[in-house]
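Pasted below: work.txt, compact mmCIF, C-alpha atoms.
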# COMPACT_ATOMS: atom_id res chain seq x y z
CA MET A 1 0.51 11.30 -44.85
CA ILE A 2 0.04 14.73 -46.41
CA LYS A 3 3.32 16.24 -47.61
CA ARG A 4 4.24 19.78 -46.79
CA THR A 5 4.47 22.07 -49.75
CA SER A 6 7.64 23.76 -50.95
CA ALA A 7 6.12 27.13 -50.24
CA LEU A 8 5.81 26.24 -46.56
CA PHE A 9 9.41 25.12 -46.43
CA MET A 10 10.53 28.48 -47.80
CA THR A 11 9.30 29.96 -44.52
CA MET A 12 11.11 27.39 -42.41
CA VAL A 13 14.77 27.44 -43.39
CA PHE A 14 15.91 26.61 -39.89
CA VAL A 15 18.47 24.12 -38.74
CA ILE A 16 18.47 23.62 -35.02
CA GLY A 17 21.84 23.09 -33.41
CA ALA A 18 22.36 21.76 -29.94
CA CYS A 19 19.30 22.24 -27.77
CA SER A 20 21.24 22.75 -24.59
CA SER A 21 24.10 24.96 -23.54
CA ALA A 22 27.52 23.47 -24.11
CA GLY A 23 29.18 22.14 -21.01
CA THR A 24 26.05 22.23 -18.86
CA SER A 25 24.05 19.48 -17.20
CA ASN A 26 21.27 20.20 -19.66
CA ALA A 27 23.11 18.44 -22.44
CA PRO A 28 21.26 15.32 -23.63
CA SER A 29 22.95 12.02 -22.89
CA SER A 30 22.83 10.79 -26.47
CA GLY A 31 21.11 11.53 -29.74
CA ALA A 32 19.83 9.85 -32.86
CA SER A 33 18.91 11.51 -36.13
CA THR A 34 16.49 10.53 -38.85
CA PRO A 35 17.84 12.24 -41.97
CA ALA A 36 15.60 12.92 -44.95
CA SER A 37 16.11 14.07 -48.49
CA GLN A 38 15.18 17.58 -49.57
CA ALA A 39 11.53 18.10 -50.46
CA PRO A 40 11.00 18.20 -54.24
CA ALA A 41 10.68 21.61 -55.83
CA ALA A 42 7.14 22.80 -56.34
CA SER A 43 5.91 22.81 -59.89
CA GLY A 44 4.06 25.57 -61.64
CA SER A 45 4.61 29.22 -62.39
CA GLY A 46 6.80 31.07 -59.91
CA ALA A 47 7.75 27.95 -57.97
CA ALA A 48 11.10 27.92 -56.23
CA ALA A 49 13.75 25.73 -57.78
CA SER A 50 14.40 23.96 -54.49
CA ALA A 51 13.07 23.90 -50.95
CA GLY A 52 14.85 24.58 -47.70
CA SER A 53 15.30 22.03 -44.95
CA ALA A 54 14.56 21.92 -41.23
CA THR A 55 15.63 19.85 -38.25
CA LEU A 56 12.95 18.91 -35.74
CA VAL A 57 14.44 18.17 -32.32
CA ILE A 58 12.62 15.89 -29.89
CA TRP A 59 13.59 15.17 -26.29
CA ALA A 60 12.52 11.87 -24.72
CA ASP A 61 13.84 9.33 -22.24
CA GLU A 62 16.03 6.50 -23.46
CA LYS A 63 13.33 3.92 -24.27
CA ARG A 64 11.05 6.41 -25.99
CA ALA A 65 13.91 8.03 -27.90
CA LYS A 66 15.02 4.68 -29.28
CA ALA A 67 11.45 3.84 -30.36
CA ILE A 68 10.58 7.25 -31.83
CA THR A 69 13.61 7.45 -34.13
CA PRO A 70 12.59 4.74 -36.64
CA LEU A 71 8.89 5.61 -36.36
CA ALA A 72 9.61 9.18 -37.42
CA ALA A 73 11.78 8.19 -40.41
CA ALA A 74 9.04 7.85 -43.04
CA TRP A 75 7.33 11.06 -41.92
CA ALA A 76 10.64 12.91 -42.08
CA THR A 77 11.32 11.63 -45.59
CA GLU A 78 7.86 12.54 -46.82
CA ASN A 79 8.19 16.03 -45.43
CA GLY A 80 11.76 16.71 -46.50
CA VAL A 81 13.05 17.34 -43.00
CA THR A 82 15.34 15.79 -40.42
CA VAL A 83 13.97 14.50 -37.13
CA LYS A 84 16.61 14.40 -34.41
CA VAL A 85 15.60 12.47 -31.30
CA GLU A 86 17.76 13.14 -28.26
CA SER A 87 17.78 10.86 -25.22
CA ILE A 88 17.67 12.70 -21.89
CA ALA A 89 18.78 10.37 -19.13
CA THR A 90 17.55 12.29 -16.08
CA ASP A 91 15.56 15.35 -14.99
CA ILE A 92 14.08 15.89 -18.43
CA VAL A 93 11.39 18.32 -17.24
CA THR A 94 13.82 20.47 -15.26
CA LYS A 95 16.23 20.53 -18.19
CA PHE A 96 13.41 21.39 -20.58
CA LYS A 97 12.28 24.33 -18.44
CA THR A 98 15.85 25.56 -18.14
CA ALA A 99 16.36 25.33 -21.90
CA SER A 100 13.04 27.10 -22.47
CA GLN A 101 14.01 29.97 -20.18
CA ALA A 102 17.31 30.24 -22.05
CA GLY A 103 15.45 30.36 -25.37
CA ASN A 104 16.91 27.17 -26.80
CA PRO A 105 14.54 24.28 -26.03
CA PRO A 106 13.88 21.29 -28.28
CA ASP A 107 10.83 21.58 -30.53
CA ILE A 108 9.00 18.72 -28.79
CA VAL A 109 9.33 17.08 -25.40
CA VAL A 110 7.82 13.72 -24.41
CA TRP A 111 6.69 13.13 -20.83
CA ALA A 112 3.81 12.35 -18.46
CA HIS A 113 0.81 14.67 -18.24
CA ASP A 114 1.15 15.68 -14.59
CA VAL A 115 3.74 18.35 -15.50
CA ILE A 116 1.40 20.21 -17.85
CA GLY A 117 0.24 22.76 -15.28
CA ASP A 118 3.81 23.56 -14.33
CA LEU A 119 4.93 23.85 -17.96
CA VAL A 120 1.98 26.09 -18.83
CA GLN A 121 2.67 28.25 -15.79
CA ASN A 122 6.27 28.62 -17.01
CA SER A 123 5.11 29.44 -20.58
CA ALA A 124 7.08 26.43 -21.81
CA ILE A 125 4.48 24.67 -23.99
CA ASP A 126 1.76 25.70 -26.44
CA PRO A 127 -1.78 24.33 -26.85
CA ILE A 128 -2.10 21.76 -29.62
CA GLN A 129 -3.55 23.28 -32.76
CA GLY A 130 -6.28 21.35 -34.58
CA PHE A 131 -6.30 18.40 -32.18
CA VAL A 132 -9.08 15.92 -33.03
CA PRO A 133 -10.06 13.79 -30.00
CA THR A 134 -12.01 11.26 -32.06
CA GLY A 135 -10.46 7.83 -31.73
CA PHE A 136 -8.61 8.58 -28.50
CA ASP A 137 -9.34 7.09 -25.09
CA PRO A 138 -11.31 9.86 -23.31
CA LEU A 139 -9.07 9.43 -20.25
CA ALA A 140 -6.05 10.19 -22.41
CA VAL A 141 -7.64 13.38 -23.71
CA LYS A 142 -8.65 14.41 -20.19
CA GLY A 143 -5.09 13.92 -19.01
CA MET A 144 -3.76 16.20 -21.74
CA THR A 145 -6.34 18.92 -21.00
CA PHE A 146 -5.53 21.84 -18.72
CA ALA A 147 -7.68 24.94 -18.16
CA GLY A 148 -9.94 23.87 -21.00
CA GLN A 149 -7.20 23.46 -23.61
CA VAL A 150 -5.37 20.40 -24.92
CA TYR A 151 -1.63 20.80 -24.41
CA GLY A 152 -0.34 17.45 -25.61
CA VAL A 153 -1.06 14.59 -27.98
CA PRO A 154 -1.25 11.40 -25.89
CA TYR A 155 0.37 8.11 -26.80
CA SER A 156 -0.24 5.96 -23.72
CA VAL A 157 -2.37 5.54 -20.61
CA GLU A 158 -1.05 3.74 -17.55
CA ASN A 159 -1.82 2.79 -13.97
CA ILE A 160 -0.62 0.43 -11.32
CA ALA A 161 -2.32 -2.82 -10.32
CA LEU A 162 -1.77 -5.86 -8.14
CA ILE A 163 0.54 -8.37 -9.79
CA ARG A 164 0.39 -11.81 -8.20
CA ASN A 165 2.60 -14.90 -8.35
CA THR A 166 -0.04 -17.51 -9.17
CA ASP A 167 2.09 -20.40 -7.89
CA LEU A 168 2.20 -18.81 -4.44
CA ALA A 169 -1.29 -17.28 -4.43
CA ALA A 170 -3.73 -19.08 -6.71
CA THR A 171 -6.56 -16.58 -6.29
CA ALA A 172 -6.63 -12.81 -6.07
CA PRO A 173 -7.23 -11.45 -2.56
CA ALA A 174 -10.62 -9.76 -2.18
CA THR A 175 -9.42 -7.25 0.41
CA MET A 176 -6.16 -5.74 1.65
CA GLU A 177 -6.68 -7.68 4.86
CA ASP A 178 -6.89 -10.93 2.86
CA LEU A 179 -3.67 -10.04 1.03
CA GLN A 180 -1.83 -9.51 4.30
CA ALA A 181 -3.14 -12.75 5.74
CA VAL A 182 -1.97 -14.75 2.73
CA GLY A 183 1.40 -13.01 2.76
CA LYS A 184 1.93 -13.65 6.48
CA GLN A 185 1.09 -17.33 6.04
CA LEU A 186 3.57 -17.65 3.19
CA ILE A 187 6.25 -16.14 5.45
CA THR A 188 5.33 -18.61 8.21
CA ASP A 189 5.62 -21.43 5.68
CA LYS A 190 9.06 -20.05 4.69
CA LYS A 191 8.01 -19.64 1.07
CA VAL A 192 8.63 -15.87 0.93
CA THR A 193 10.39 -13.17 2.95
CA ASP A 194 7.89 -10.32 2.47
CA ILE A 195 4.12 -9.92 2.52
CA MET A 196 4.12 -7.62 -0.49
CA ALA A 197 6.34 -5.38 -2.57
CA LEU A 198 4.88 -1.87 -2.64
CA GLN A 199 7.69 0.63 -2.93
CA VAL A 200 7.98 3.14 -0.08
CA GLY A 201 11.65 3.93 0.40
CA GLN A 202 13.14 6.41 2.85
CA LYS A 203 11.31 9.37 1.30
CA GLY A 204 7.95 7.72 0.65
CA ASP A 205 6.20 7.18 -2.65
CA PRO A 206 2.81 8.96 -2.84
CA TYR A 207 2.09 7.61 -6.34
CA HIS A 208 2.24 3.96 -5.30
CA ILE A 209 0.58 4.37 -1.88
CA TYR A 210 -2.27 6.54 -3.24
CA PRO A 211 -4.81 3.73 -3.91
CA VAL A 212 -4.23 2.25 -0.45
CA PHE A 213 -4.44 5.66 1.23
CA THR A 214 -7.66 6.60 -0.59
CA SER A 215 -9.27 3.21 0.02
CA GLY A 216 -8.79 4.01 3.70
CA GLY A 217 -10.58 7.34 3.23
CA GLY A 218 -7.63 9.64 2.64
CA SER A 219 -7.25 12.38 0.04
CA PHE A 220 -4.86 15.13 -1.02
CA PHE A 221 -7.31 17.87 -2.05
CA GLY A 222 -10.98 18.67 -1.83
CA LEU A 223 -12.91 19.00 -5.08
CA SER A 224 -14.06 22.14 -6.85
CA GLY A 225 -17.53 22.64 -8.28
CA THR A 226 -16.34 21.03 -11.54
CA GLY A 227 -15.09 17.95 -9.72
CA ASP A 228 -11.42 18.86 -10.18
CA PRO A 229 -8.87 18.98 -7.34
CA ASP A 230 -9.07 22.30 -5.51
CA PRO A 231 -5.58 23.52 -4.48
CA LYS A 232 -7.19 25.85 -1.96
CA VAL A 233 -8.54 22.88 0.00
CA VAL A 234 -5.70 20.65 1.23
CA THR A 235 -7.17 17.58 2.94
CA VAL A 236 -4.04 15.64 3.88
CA ASP A 237 -4.74 16.34 7.58
CA SER A 238 -8.50 15.85 7.48
CA PRO A 239 -10.00 13.36 9.97
CA GLN A 240 -10.58 10.94 7.10
CA SER A 241 -6.96 11.20 5.95
CA ILE A 242 -5.64 10.71 9.46
CA ALA A 243 -7.81 7.59 9.78
CA ALA A 244 -6.30 6.37 6.50
CA GLY A 245 -2.86 7.17 7.90
CA GLN A 246 -3.61 4.90 10.83
CA LYS A 247 -4.34 2.07 8.40
CA LEU A 248 -0.94 2.66 6.79
CA TYR A 249 0.60 2.56 10.27
CA ASN A 250 -1.13 -0.78 10.91
CA MET A 251 0.40 -2.14 7.70
CA GLY A 252 3.81 -0.68 8.52
CA GLU A 253 6.92 -1.82 10.34
CA LYS A 254 5.24 -1.73 13.78
CA GLY A 255 2.15 -3.45 12.41
CA THR A 256 1.90 -6.35 9.97
CA GLY A 257 5.06 -5.38 8.07
CA ALA A 258 3.29 -5.34 4.71
CA LEU A 259 4.77 -1.88 4.11
CA LYS A 260 8.49 -1.31 4.63
CA ARG A 261 10.83 1.59 4.00
CA SER A 262 13.44 -0.94 2.89
CA ILE A 263 11.31 -1.69 -0.18
CA ASP A 264 11.85 1.01 -2.79
CA ASP A 265 11.96 1.61 -6.53
CA LYS A 266 15.20 -0.36 -6.83
CA ASN A 267 14.18 -3.65 -5.23
CA ALA A 268 10.36 -3.88 -5.37
CA ILE A 269 10.28 -5.63 -8.75
CA PRO A 270 13.33 -7.84 -8.02
CA LEU A 271 11.66 -9.04 -4.81
CA PHE A 272 8.78 -10.30 -6.93
CA THR A 273 10.83 -11.73 -9.78
CA GLY A 274 13.09 -13.39 -7.19
CA LYS A 275 10.05 -15.09 -5.63
CA LYS A 276 10.57 -13.34 -2.30
CA THR A 277 6.97 -12.15 -2.24
CA ALA A 278 3.73 -13.23 -3.86
CA PHE A 279 2.40 -9.69 -4.39
CA LEU A 280 3.73 -6.69 -6.28
CA VAL A 281 2.01 -3.33 -6.70
CA SER A 282 3.39 -1.90 -9.93
CA GLY A 283 2.61 -0.88 -13.49
CA PRO A 284 3.16 -2.16 -17.03
CA TRP A 285 6.83 -1.13 -16.88
CA SER A 286 7.45 -4.16 -14.63
CA VAL A 287 6.05 -6.75 -17.04
CA SER A 288 9.16 -7.31 -19.16
CA ASP A 289 11.26 -8.15 -16.09
CA ILE A 290 8.55 -10.48 -14.80
CA VAL A 291 8.31 -12.30 -18.11
CA LYS A 292 12.10 -12.69 -18.24
CA SER A 293 12.09 -14.15 -14.74
CA GLY A 294 9.64 -16.90 -15.67
CA VAL A 295 7.44 -16.21 -12.64
CA PRO A 296 3.83 -17.15 -13.44
CA TYR A 297 1.66 -14.10 -12.82
CA ASP A 298 -1.73 -12.50 -13.09
CA ILE A 299 -2.85 -8.86 -12.92
CA THR A 300 -5.90 -7.74 -10.94
CA PRO A 301 -7.16 -4.55 -9.28
CA ILE A 302 -5.49 -3.47 -6.05
CA PRO A 303 -7.75 -4.81 -3.29
CA PRO A 304 -9.52 -2.33 -1.00
CA PHE A 305 -9.73 -2.40 2.76
CA ALA A 306 -12.65 -4.49 3.96
CA ASP A 307 -14.41 -1.37 5.25
CA GLY A 308 -13.01 0.98 2.61
CA THR A 309 -13.77 2.25 -0.86
CA ALA A 310 -12.28 0.97 -4.11
CA ALA A 311 -8.48 1.24 -4.24
CA GLY A 312 -8.46 3.30 -7.42
CA PRO A 313 -4.96 4.25 -8.60
CA PHE A 314 -3.71 7.41 -10.21
CA ILE A 315 -4.08 7.22 -13.98
CA GLY A 316 -1.18 8.64 -15.91
CA VAL A 317 -1.09 9.79 -19.53
CA ASN A 318 2.08 10.22 -21.57
CA GLY A 319 2.24 12.57 -24.51
CA PHE A 320 4.08 14.86 -26.91
CA TYR A 321 4.26 18.60 -26.13
CA VAL A 322 5.19 21.49 -28.43
CA ALA A 323 7.71 23.95 -26.97
CA SER A 324 6.50 27.55 -26.84
CA LYS A 325 9.99 28.83 -27.63
CA GLY A 326 10.90 26.12 -30.14
CA LYS A 327 12.35 27.22 -33.47
CA ASN A 328 10.09 25.00 -35.58
CA LYS A 329 6.69 25.35 -33.92
CA THR A 330 4.61 24.84 -37.07
CA LEU A 331 6.55 21.72 -38.00
CA ALA A 332 6.27 20.46 -34.42
CA GLN A 333 2.50 20.96 -34.43
CA GLU A 334 2.27 18.97 -37.66
CA PHE A 335 4.39 16.13 -36.28
CA VAL A 336 2.29 15.69 -33.15
CA THR A 337 -1.07 15.96 -34.93
CA GLN A 338 -0.20 14.01 -38.10
CA LEU A 339 2.06 11.21 -36.90
CA VAL A 340 1.53 10.62 -33.17
CA PRO A 341 -2.20 9.69 -33.51
CA THR A 342 -1.52 6.97 -36.10
CA VAL A 343 -1.95 3.34 -35.10
CA ASN A 344 1.52 2.47 -36.38
CA PHE A 345 3.15 5.12 -34.21
CA GLN A 346 1.13 4.23 -31.12
CA THR A 347 1.80 0.50 -31.43
CA GLY A 348 5.46 1.22 -32.12
CA LEU A 349 5.81 3.00 -28.79
CA TYR A 350 3.84 0.21 -27.13
CA ALA A 351 6.41 -2.26 -28.46
CA ALA A 352 9.16 -0.31 -26.69
CA GLU A 353 7.32 -0.71 -23.38
CA PRO A 354 3.85 -2.25 -23.00
CA ARG A 355 1.86 0.75 -21.82
CA ARG A 356 -1.74 0.93 -23.03
CA PRO A 357 -1.97 3.00 -26.26
CA ALA A 358 -4.03 6.20 -26.17
CA VAL A 359 -5.69 5.50 -29.52
CA THR A 360 -8.46 2.92 -29.20
CA ALA A 361 -7.73 1.29 -32.58
CA ALA A 362 -4.17 0.69 -31.39
CA VAL A 363 -5.50 -0.81 -28.14
CA ASP A 364 -7.67 -3.19 -30.16
CA GLN A 365 -4.62 -4.25 -32.15
CA VAL A 366 -2.25 -4.91 -29.26
CA LYS A 367 -4.71 -6.52 -26.87
CA ALA A 368 -5.24 -9.32 -29.38
CA THR A 369 -1.81 -10.61 -28.38
CA ASP A 370 -1.41 -8.99 -24.95
CA PRO A 371 -3.98 -10.02 -22.33
CA ASN A 372 -2.37 -7.64 -19.84
CA ILE A 373 -3.80 -4.60 -21.62
CA PRO A 374 -7.45 -5.18 -20.56
CA LYS A 375 -6.28 -6.34 -17.11
CA PHE A 376 -4.48 -3.08 -16.38
CA ALA A 377 -7.51 -1.21 -17.77
CA ALA A 378 -9.77 -3.11 -15.37
CA ALA A 379 -7.46 -2.14 -12.50
CA ALA A 380 -7.95 1.52 -13.43
CA VAL A 381 -11.66 1.43 -12.60
CA GLY A 382 -12.28 3.80 -9.70
CA GLY A 383 -9.01 5.58 -10.32
CA VAL A 384 -8.51 9.27 -11.03
CA ILE A 385 -6.41 11.20 -13.50
CA LEU A 386 -3.20 12.26 -11.77
CA PRO A 387 -3.75 15.98 -11.08
CA ALA A 388 -1.82 18.25 -13.44
CA ILE A 389 -2.34 21.37 -11.34
CA PRO A 390 0.91 23.09 -10.29
CA ALA A 391 -0.08 22.66 -6.64
CA MET A 392 0.36 18.90 -7.00
CA GLY A 393 4.08 19.51 -7.17
CA GLN A 394 3.94 20.64 -3.54
CA VAL A 395 2.37 17.34 -2.42
CA TRP A 396 4.97 14.76 -3.43
CA GLY A 397 7.77 15.70 -1.04
CA PRO A 398 5.87 16.49 2.19
CA PHE A 399 3.39 13.65 1.82
CA GLY A 400 6.15 11.22 0.94
CA VAL A 401 8.06 12.17 4.09
CA ALA A 402 4.89 11.66 6.14
CA GLU A 403 4.19 8.31 4.50
CA ALA A 404 7.69 7.00 5.19
CA ALA A 405 7.51 8.22 8.79
CA ILE A 406 4.14 6.53 9.38
CA VAL A 407 5.33 3.27 7.82
CA GLY A 408 8.35 3.49 10.12
CA GLY A 409 6.14 3.89 13.20
CA ALA A 410 5.52 7.63 13.57
CA ASP A 411 2.20 8.99 14.83
CA PRO A 412 -0.11 9.47 11.77
CA THR A 413 -1.71 12.63 13.17
CA VAL A 414 1.64 14.33 13.77
CA ALA A 415 3.10 13.26 10.41
CA LEU A 416 0.09 14.22 8.29
CA THR A 417 -0.47 17.52 10.11
CA ALA A 418 3.14 18.50 9.38
CA ALA A 419 2.77 17.40 5.76
CA ALA A 420 -0.41 19.44 5.26
CA LYS A 421 1.25 22.53 6.74
CA ALA A 422 4.23 22.17 4.36
CA ILE A 423 1.92 21.63 1.39
CA ARG A 424 -0.13 24.73 2.14
CA GLU A 425 3.01 26.83 2.61
CA GLY A 426 4.45 25.47 -0.62
CA ILE A 427 1.30 26.34 -2.55
CA LYS A 428 1.40 29.90 -1.18
Could the structure of this file be written out as structure tokens, please?
Amino acid sequence: MIKRTSALFMTMVFVIGACSSAGTSNAPSSGASTPASQAPAASGSGAAASAGSATLVIWADEKRAKAITPLAAAWATENGVTVKVESIATDIVTKFKTASQAGNPPDIVVWAHDVIGDLVQNSAIDPIQGFVPTGFDPLAVKGMTFAGQVYGVPYSVENIALIRNTDLAATAPATMEDLQAVGKQLITDKKVTDIMALQVGQKGDPYHIYPVFTSGGGSFFGLSGTGDPDPKVVTVDSPQSIAAGQKLYNMGEKGTGALKRSIDDKNAIPLFTGKKTAFLVSGPWSVSDIVKSGVPYDITPIPPFADGTAAGPFIGVNGFYVASKGKNKTLAQEFVTQLVPTVNFQTGLYAAEPRRPAVTAAVDQVKATDPNIPKFAAAAVGGVILPAIPAMGQVWGPFGVAEAAIVGGADPTVALTAAAKAIREGIK
């Protein structure tokens, strides 16, 4: 790692205090600091006798915060700074935007790529300076790119897949119809209570239902000339989407019962680990619980409808973003471009939770001992990068409400027409 010079430190005699207003909900839930010694004085004529110090503040969720702290220690020592990693328990993006508007954000925030458009629109993050894409998964770079500029340095790529109890279902179902047939037979044989665990909940879950909806012909937006989602063309109520909605209805509570509002983000994984279902649609974040449960499992692509297209999931990218109003922007840029791309840093975050690293050399290292890495990658084939356009923020709520209603037995045409109207009004 290249050390910063004393001359640079003379321009950065900043010590960041609390990044959120005292007594507000924006206060981080906990914090951890990586202290470092002062940088040595520069030698030579006119050199300062000693260098200043700086504190780089990073916001991340609990798992990432815990992993980042030790990984940043050596870099902090080499650069004569302190890296303070603060764990934000909930609503990290909202709290970050609020802190940015107040002029006291952290220097770096860690989150998924789909918020980039919103953060750029709110002038909350800066483009990454001197980013070198060589060595990164192209999907990861694409996820971090908005309006032709790279706004984050990626550390992981993720997507959902079909996770199967191999004791209950020896082979992967070829189609969604096959999956339902196997699940129904297991219920008849009193081996399980549910056909599958795909979280829906009372408010819907567009992220998890997306591959099923699109396999049935549905979509959220039309595409622009560049192949990107076009927020001016909402397709949630198109004939194709309504036909896909009917397929969801057929899988819902008045159909086969494969989809249920009673299955949500709290109990989907426990249903699988408790052997109440043979099939779980989830991502790498579920693996540790599955391993602890002792359930034998395999990971395969989500099966399509027999007459549908591939059930490609949304592909998410997680990364590090530099705050536009941060007090140590130069130092933050150096952290994200010097340290985050290293194999050691990428594999360190992978160890905290087994999400596929964004750097290909790190992928090669971890997949040698983790066969799930290439399996989740195979399940991503046919998927699309989760749109980072601000308009996507208007989709989640209305479409989720429509999804839950359809699963509960509502008319797909009525539900999706109402959702599309709300989405268009929200975009306006």
**OP:** Mind giving me the straight-line distance from atom CA of Asp289 of chain A to atom CA of Pro313 of chain A in Å, one decimal?
**Re:**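 Straight-line distance from atom CA of Asp289 of chain A to atom CA of Pro313 of chain A works out to 21.7 Å.
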Subject >> Option closest in space to Val141 of chain A, from A:Leu186, A:Ala161, A:Leu223, A:Pro341 [counting all atoms listed in the file] >> reply: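 Of A:Leu186, A:Ala161, A:Leu223, A:Pro341, the one nearest Val141 of chain A, counting all atoms listed in the file, is A:Pro341.
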**OP:** Counting all atoms listed in the file, figure out which residue out of A:Thr330, A:Thr413, A:Ser215, A:Ser282 gets nearest to Asp307 of chain A.
**Re:**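 Nearest candidate to Asp307 of chain A out of A:Thr330, A:Thr413, A:Ser215, A:Ser282: A:Ser215.
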**OP:** Just give me the residues with any atom within 12 Å of (3.4, 0.7, -30.0), file coordinates, counting all atoms listed in the file, written as number ranges by chain.
**Re:** A: 63-64, 67-68, 71, 155-156, 340-359, 361-367, 370
Can I get the selected residues back with C-alpha atoms, as an mmCIF file, in the coordinates of the input?
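Below is the file that was written, selection_18.cif:
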data_model
loop_
_atom_site.group_PDB
_atom_site.id
_atom_site.type_symbol
_atom_site.label_atom_id
_atom_site.label_comp_id
_atom_site.auth_asym_id
_atom_site.auth_seq_id
_atom_site.Cartn_x
_atom_site.Cartn_y
_atom_site.Cartn_z
ATOM 1 C CA LYS A 63 13.330 3.920 -24.270
ATOM 2 C CA ARG A 64 11.050 6.410 -25.990
ATOM 3 C CA ALA A 67 11.450 3.840 -30.360
ATOM 4 C CA ILE A 68 10.580 7.250 -31.830
ATOM 5 C CA LEU A 71 8.890 5.610 -36.360
ATOM 6 C CA TYR A 155 0.370 8.110 -26.800
ATOM 7 C CA SER A 156 -0.240 5.960 -23.720
ATOM 8 C CA VAL A 340 1.530 10.620 -33.170
ATOM 9 C CA PRO A 341 -2.200 9.690 -33.510
ATOM 10 C CA THR A 342 -1.520 6.970 -36.100
ATOM 11 C CA VAL A 343 -1.950 3.340 -35.100
ATOM 12 C CA ASN A 344 1.520 2.470 -36.380
ATOM 13 C CA PHE A 345 3.150 5.120 -34.210
ATOM 14 C CA GLN A 346 1.130 4.230 -31.120
ATOM 15 C CA THR A 347 1.800 0.500 -31.430
ATOM 16 C CA GLY A 348 5.460 1.220 -32.120
ATOM 17 C CA LEU A 349 5.810 3.000 -28.790
ATOM 18 C CA TYR A 350 3.840 0.210 -27.130
ATOM 19 C CA ALA A 351 6.410 -2.260 -28.460
ATOM 20 C CA ALA A 352 9.160 -0.310 -26.690
ATOM 21 C CA GLU A 353 7.320 -0.710 -23.380
ATOM 22 C CA PRO A 354 3.850 -2.250 -23.000
ATOM 23 C CA ARG A 355 1.860 0.750 -21.820
ATOM 24 C CA ARG A 356 -1.740 0.930 -23.030
ATOM 25 C CA PRO A 357 -1.970 3.000 -26.260
ATOM 26 C CA ALA A 358 -4.030 6.200 -26.170
ATOM 27 C CA VAL A 359 -5.690 5.500 -29.520
ATOM 28 C CA ALA A 361 -7.730 1.290 -32.580
ATOM 29 C CA ALA A 362 -4.170 0.690 -31.390
ATOM 30 C CA VAL A 363 -5.500 -0.810 -28.140
ATOM 31 C CA ASP A 364 -7.670 -3.190 -30.160
ATOM 32 C CA GLN A 365 -4.620 -4.250 -32.150
ATOM 33 C CA VAL A 366 -2.250 -4.910 -29.260
ATOM 34 C CA LYS A 367 -4.710 -6.520 -26.870
ATOM 35 C CA ASP A 370 -1.410 -8.990 -24.950
#
Original post:
If we count all atoms listed in the file, what is near Phe376 of chain A at a cut-off of 9 Å, once residues fewer than 2 positions away on the same chain are taken out, given as a PyMOL selection string?
Top reply: chain A and resi 158-161+283-284+299-301+356+372-374+378-380
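For the pair atom CA of Phe335 of chain A and atom CA of Ile389 of chain A, the interatomic distance is 26.4 Å.
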Pick out the residues sitting within 9 Å of Phe213 of chain A, and hand them over as a PDB file with C-alpha atoms, keeping the file's coordinate frame; count only C-alpha atoms, and ignore anything fewer than 5 positions along from it in its own chain.
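What ended up in out_39.pdb:
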ATOM      1  CA  PRO A 206       2.810   8.960  -2.840  1.00  0.00           C
ATOM      2  CA  GLY A 218      -7.630   9.640   2.640  1.00  0.00           C
ATOM      3  CA  SER A 219      -7.250  12.380   0.040  1.00  0.00           C
ATOM      4  CA  SER A 241      -6.960  11.200   5.950  1.00  0.00           C
ATOM      5  CA  ALA A 244      -6.300   6.370   6.500  1.00  0.00           C
ATOM      6  CA  GLY A 245      -2.860   7.170   7.900  1.00  0.00           C
ATOM      7  CA  LYS A 247      -4.340   2.070   8.400  1.00  0.00           C
ATOM      8  CA  LEU A 248      -0.940   2.660   6.790  1.00  0.00           C
ATOM      9  CA  ALA A 311      -8.480   1.240  -4.240  1.00  0.00           C
TER      10      ALA A 311
END
Around (10.4, 1.9, 8.5) in the file's own coordinates, what residues are found within 8 Å if you use all atoms listed in the file, given back as a PDB file with C-alpha atoms, in the coordinates of the input?
ATOM      1  CA  GLN A 202      13.140   6.410   2.850  1.00  0.00           C
ATOM      2  CA  GLY A 252       3.810  -0.680   8.520  1.00  0.00           C
ATOM      3  CA  GLU A 253       6.920  -1.820  10.340  1.00  0.00           C
ATOM      4  CA  LYS A 260       8.490  -1.310   4.630  1.00  0.00           C
ATOM      5  CA  ARG A 261      10.830   1.590   4.000  1.00  0.00           C
ATOM      6  CA  SER A 262      13.440  -0.940   2.890  1.00  0.00           C
ATOM      7  CA  ALA A 404       7.690   7.000   5.190  1.00  0.00           C
ATOM      8  CA  ALA A 405       7.510   8.220   8.790  1.00  0.00           C
ATOM      9  CA  ILE A 406       4.140   6.530   9.380  1.00  0.00           C
ATOM     10  CA  VAL A 407       5.330   3.270   7.820  1.00  0.00           C
ATOM     11  CA  GLY A 408       8.350   3.490  10.120  1.00  0.00           C
ATOM     12  CA  GLY A 409       6.140   3.890  13.200  1.00  0.00           C
TER      13      GLY A 409
END
Original post:
What does the distance from atom CA of Asp167 of chain A to atom CA of Asn267 of chain A come to in Å, to one decimal?
Top reply: 20.8 Å
Which residues are close to Ile209 of chain A, i.e. within 10 Å by only C-alpha atoms, leaving aside same-chain residues fewer than 2 positions away? Reply as a short mmCIF file (atom, residue, chain, number, x, y, z; two decimals) with C-alpha atoms, in the frame of the given file.
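The new file out.cif reads:
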data_model
loop_
_atom_site.label_atom_id
_atom_site.label_comp_id
_atom_site.auth_asym_id
_atom_site.auth_seq_id
_atom_site.Cartn_x
_atom_site.Cartn_y
_atom_site.Cartn_z
CA LEU A 198 4.88 -1.87 -2.64
CA GLN A 199 7.69 0.63 -2.93
CA VAL A 200 7.98 3.14 -0.08
CA GLY A 204 7.95 7.72 0.65
CA ASP A 205 6.20 7.18 -2.65
CA PRO A 206 2.81 8.96 -2.84
CA TYR A 207 2.09 7.61 -6.34
CA PRO A 211 -4.81 3.73 -3.91
CA VAL A 212 -4.23 2.25 -0.45
CA PHE A 213 -4.44 5.66 1.23
CA THR A 214 -7.66 6.60 -0.59
CA LEU A 248 -0.94 2.66 6.79
CA LEU A 259 4.77 -1.88 4.11
CA VAL A 281 2.01 -3.33 -6.70
CA ALA A 311 -8.48 1.24 -4.24
CA PRO A 313 -4.96 4.25 -8.60
CA PHE A 314 -3.71 7.41 -10.21
CA GLY A 400 6.15 11.22 0.94
CA GLU A 403 4.19 8.31 4.50
#
